[in-house]
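Structure below is my_file25.pdb: PDB, C-alpha atoms.
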```pdb
MODEL        1
ATOM      1  CA  MET A  99       2.409  -7.585  -7.936
ATOM      2  CA  ARG A 100       4.447  -7.842  -4.721
ATOM      3  CA  VAL A 101       6.676  -4.998  -5.837
ATOM      4  CA  HIS A 102       3.666  -2.739  -6.280
ATOM      5  CA  GLY A 103       2.309  -3.865  -2.910
ATOM      6  CA  GLY A 104       5.639  -2.913  -1.326
ATOM      7  CA  ASP A 105       5.428   0.472  -3.018
ATOM      8  CA  VAL A 106       1.961   0.995  -1.543
ATOM      9  CA  VAL A 107       3.181   0.024   1.940
ATOM     10  CA  MET A 108       6.152   2.401   1.683
ATOM     11  CA  GLY A 109       3.830   5.178   0.497
ATOM     12  CA  ARG A 110       1.489   4.583   3.423
ATOM     13  CA  ASN A 111       4.421   4.585   5.848
ATOM     14  CA  THR A 112       5.635   7.878   4.406
ATOM     15  CA  THR A 113       2.143   9.330   4.830
ATOM     16  CA  HIS A 114       1.977   8.115   8.438
ATOM     17  CA  ALA A 115       5.425   9.536   9.159
ATOM     18  CA  LEU A 116       4.408  12.926   7.739
ATOM     19  CA  ARG A 117       1.200  12.869   9.771
ATOM     20  CA  GLY A 118       3.282  12.039  12.833
ATOM     21  CA  ILE A 119       5.357  15.141  12.249
ATOM     22  CA  ILE A 120       2.873  17.697  10.899
ATOM     23  CA  GLY A 121      -0.533  16.112  11.532
ATOM     24  CA  THR A 122      -3.284  17.002  13.961
ATOM     25  CA  ARG A 123      -2.582  17.131  17.679
ATOM     26  CA  TYR A 124      -3.479  13.510  18.441
ATOM     27  CA  ALA A 125      -1.787  12.187  15.276
ATOM     28  CA  ARG A 126       1.611  13.686  16.102
ATOM     29  CA  PHE A 127       4.346  11.461  17.470
ATOM     30  CA  SER A 128       4.947  13.975  20.252
ATOM     31  CA  ASP A 129       1.467  13.192  21.602
ATOM     32  CA  PHE A 130       1.704   9.416  21.856
ATOM     33  CA  VAL A 131       5.339   8.321  21.718
ATOM     34  CA  HIS A 132       6.442   7.687  25.289
ATOM     35  CA  ARG A 133       9.393   5.952  26.896
ATOM     36  CA  PRO A 134       9.057   2.154  27.138
ATOM     37  CA  ALA A 135       9.074   2.455  30.940
ATOM     38  CA  THR A 136       6.005   4.694  30.756
ATOM     39  CA  ALA A 137       4.244   2.088  28.618
ATOM     40  CA  MET A 138       5.101  -0.669  31.130
ATOM     41  CA  VAL A 139       3.779   1.398  34.043
ATOM     42  CA  TYR A 140       0.623   2.098  32.052
ATOM     43  CA  LEU A 141       0.142  -1.632  31.360
ATOM     44  CA  ILE A 142       0.639  -2.530  35.041
ATOM     45  CA  TYR A 143      -1.985   0.010  36.094
ATOM     46  CA  ARG A 144      -4.247  -1.093  33.239
ATOM     47  CA  VAL A 145      -4.216  -4.683  34.492
ATOM     48  CA  ALA A 146      -5.189  -3.371  37.925
ATOM     49  CA  ARG A 147      -7.979  -1.363  36.218
ATOM     50  CA  SER A 148      -6.701   1.948  37.503
ATOM     51  CA  GLY A 149      -4.373   4.638  36.277
ATOM     52  CA  LYS A 150      -4.429   7.585  33.954
ATOM     53  CA  ARG A 151      -6.813   7.698  30.990
ATOM     54  CA  TYR A 152      -5.613   9.089  27.684
ATOM     55  CA  ILE A 153      -7.395  10.894  24.886
ATOM     56  CA  GLY A 154      -5.984   9.518  21.654
ATOM     57  CA  HIS A 155      -3.284   6.856  21.919
ATOM     58  CA  ASN A 156      -2.174   5.523  25.288
ATOM     59  CA  PRO A 157       1.558   4.778  25.896
ATOM     60  CA  ALA A 158       1.198   1.083  25.028
ATOM     61  CA  GLY A 159      -0.708   1.911  21.852
ATOM     62  CA  GLY A 160       1.949   4.435  20.859
ATOM     63  CA  LEU A 161       4.665   1.829  21.362
ATOM     64  CA  MET A 162       2.724  -0.618  19.212
ATOM     65  CA  ILE A 163       2.276   1.937  16.427
ATOM     66  CA  ILE A 164       6.018   2.591  16.338
ATOM     67  CA  ALA A 165       6.710  -1.169  16.316
ATOM     68  CA  LEU A 166       4.270  -1.702  13.442
ATOM     69  CA  LEU A 167       5.692   1.174  11.384
ATOM     70  CA  PHE A 168       9.228  -0.109  11.977
ATOM     71  CA  THR A 169       8.235  -3.647  10.990
ATOM     72  CA  LEU A 170       6.562  -2.460   7.796
ATOM     73  CA  VAL A 171       9.595  -0.363   6.837
ATOM     74  CA  ILE A 172      11.983  -3.276   7.455
ATOM     75  CA  THR A 173       9.721  -5.652   5.506
ATOM     76  CA  SER A 174       9.499  -3.243   2.573
ATOM     77  CA  LEU A 175      13.238  -2.582   2.529
ATOM     78  CA  SER A 176      14.087  -6.274   2.689
ATOM     79  CA  GLY A 177      11.733  -6.865  -0.239
ATOM     80  CA  LEU A 178      13.403  -4.090  -2.239
ATOM     81  CA  VAL A 179      16.843  -5.502  -1.473
ATOM     82  CA  ALA A 180      15.807  -9.016  -2.474
ATOM     83  CA  TYR A 181      14.124  -7.772  -5.646
ATOM     84  CA  GLY A 182      17.124  -5.637  -6.557
ATOM     85  CA  ALA A 183      19.469  -8.578  -6.097
ATOM     86  CA  ASP A 184      17.300 -11.114  -7.951
ATOM     87  CA  GLU A 185      16.167  -8.974 -10.871
ATOM     88  CA  GLN A 186      19.158  -6.626 -11.047
ATOM     89  CA  ALA A 187      16.641  -3.793 -10.875
ATOM     90  CA  LEU A 188      16.033  -0.736  -8.728
ATOM     91  CA  PRO A 189      18.757   1.316  -7.066
ATOM     92  CA  TRP A 190      19.779  -1.646  -4.890
ATOM     93  CA  ALA A 191      21.061  -3.694  -7.843
ATOM     94  CA  GLY A 192      24.384  -1.868  -8.095
ATOM     95  CA  LEU A 193      25.017  -2.221  -4.377
ATOM     96  CA  LEU A 194      24.364  -5.957  -4.361
ATOM     97  CA  THR A 195      26.015  -7.045  -7.588
ATOM     98  CA  GLY A 196      28.394  -9.862  -6.735
ATOM     99  CA  SER A 197      27.359  -9.994  -3.072
ATOM    100  CA  SER A 198      27.405 -13.376  -1.399
ATOM    101  CA  GLY A 199      23.843 -13.200  -0.210
ATOM    102  CA  THR A 200      24.799 -12.226   3.326
ATOM    103  CA  VAL A 201      23.266  -8.780   2.889
ATOM    104  CA  ILE A 202      19.974 -10.309   1.790
ATOM    105  CA  ASP A 203      20.136 -12.826   4.626
ATOM    106  CA  PHE A 204      20.843 -10.009   7.089
ATOM    107  CA  PHE A 205      17.787  -8.031   5.952
ATOM    108  CA  GLY A 206      15.710 -11.199   6.160
ATOM    109  CA  GLU A 207      16.849 -11.870   9.724
ATOM    110  CA  VAL A 208      16.183  -8.282  10.819
ATOM    111  CA  ARG A 209      12.735  -8.434   9.213
ATOM    112  CA  GLU A 210      11.978 -11.731  10.929
ATOM    113  CA  ALA A 211      13.070 -10.400  14.336
ATOM    114  CA  ALA A 212      10.951  -7.269  13.860
ATOM    115  CA  VAL A 213       7.887  -9.327  12.921
ATOM    116  CA  TYR A 214       8.291 -11.616  15.941
ATOM    117  CA  ALA A 215       8.785  -8.639  18.276
ATOM    118  CA  THR A 216       5.657  -6.971  16.914
ATOM    119  CA  ILE A 217       3.615 -10.151  17.332
ATOM    120  CA  THR A 218       4.880 -10.501  20.888
ATOM    121  CA  LEU A 219       3.955  -6.892  21.669
ATOM    122  CA  GLY A 220       0.556  -7.326  20.067
ATOM    123  CA  ARG A 221      -0.248 -10.398  22.125
ATOM    124  CA  GLY A 222       0.890  -8.682  25.313
ATOM    125  CA  LYS A 223       3.286 -11.437  26.397
TER     126      LYS A 223
ENDMDL
END
```

Would you write the structure of this file as structure tokens?
Amino acid sequence: MRVHGGDVVMGRNTTHALRGIIGTRYARFSDFVHRPATAMVYLIYRVARSGKRYIGHNPAGGLMIIALLFTLVITSLSGLVAYGADEQALPWAGLLTGSSGTVIDFFGEVREAAVYATITLGRGK
């Protein structure tokens, strides 16, 4: 069940990535992906209840979307790596045969850091 759920998440991420490249004007990454400094300036002005208004995604929202997509990709990949190592299945099995578990631990740590960073961004602290 979890493997199929991971497949669904990876499919959705692929769809979102394609929409970010060839989608409508406000769905394209070029419309809402800004530098982190731009997002910080936007948030400072937003707290002061002034600043530029955006149609579509604002700079902070664009940063959050990228963080969420990255977190979902890392989570899905770490699940595929763990599944490939445990079940000796999928393309990852050959790469991980005889590994000491450090690769799986590495993916787990990266996933955990990405989740915590996304939660921190989402809470605004």

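Checking A:Gly154, A:Gly118, A:Gly103, A:Gly206 one by one against Leu167 of chain A, counting only C-alpha atoms, you find the shortest gap at A:Gly118.
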
Interatomic distance (Å, one decimal) between atom CA of Tyr214 of chain A and atom CA of Met162 of chain A: 12.8 Å

From A:Ala158, A:Asp129, A:Gly109, A:Ala212, residue lying nearest Tyr143 of chain A [all atoms listed in the file]: A:Ala158

Mind giving me the axis-aligned box for segment 203-221 of chain A with 3 Å on every side, centre plus edges in Å to one decimal, as JSON?
```
{"center_x": 10.3, "center_y": -9.9, "center_z": 13.4, "size_x": 27.1, "size_y": 11.9, "size_z": 23.5}
```

Which residue of A:Ala125, A:Leu166, A:Ala146, A:Val139 approaches Val107 of chain A most closely, using only C-alpha atoms: A:Leu166

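Compared by their closest atoms to Asn111 of chain A, and using only C-alpha atoms, the residues A:Ile163, A:His155, A:Leu141, A:His132 rank with A:Ile163 nearest.
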
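The spacing separating atom CA of Thr112 of chain A from atom CA of Glu207 of chain A amounts to 23.3 Å.
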
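Our summary of the geometry notes that atom CA of Val106 of chain A is positioned 24.6 Å from atom CA of Val131 of chain A.
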
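With distances restricted to only C-alpha atoms, A:Arg209 is the closest residue to Val179 of chain A from A:Lys150, A:His114, A:Arg126, A:Arg209.
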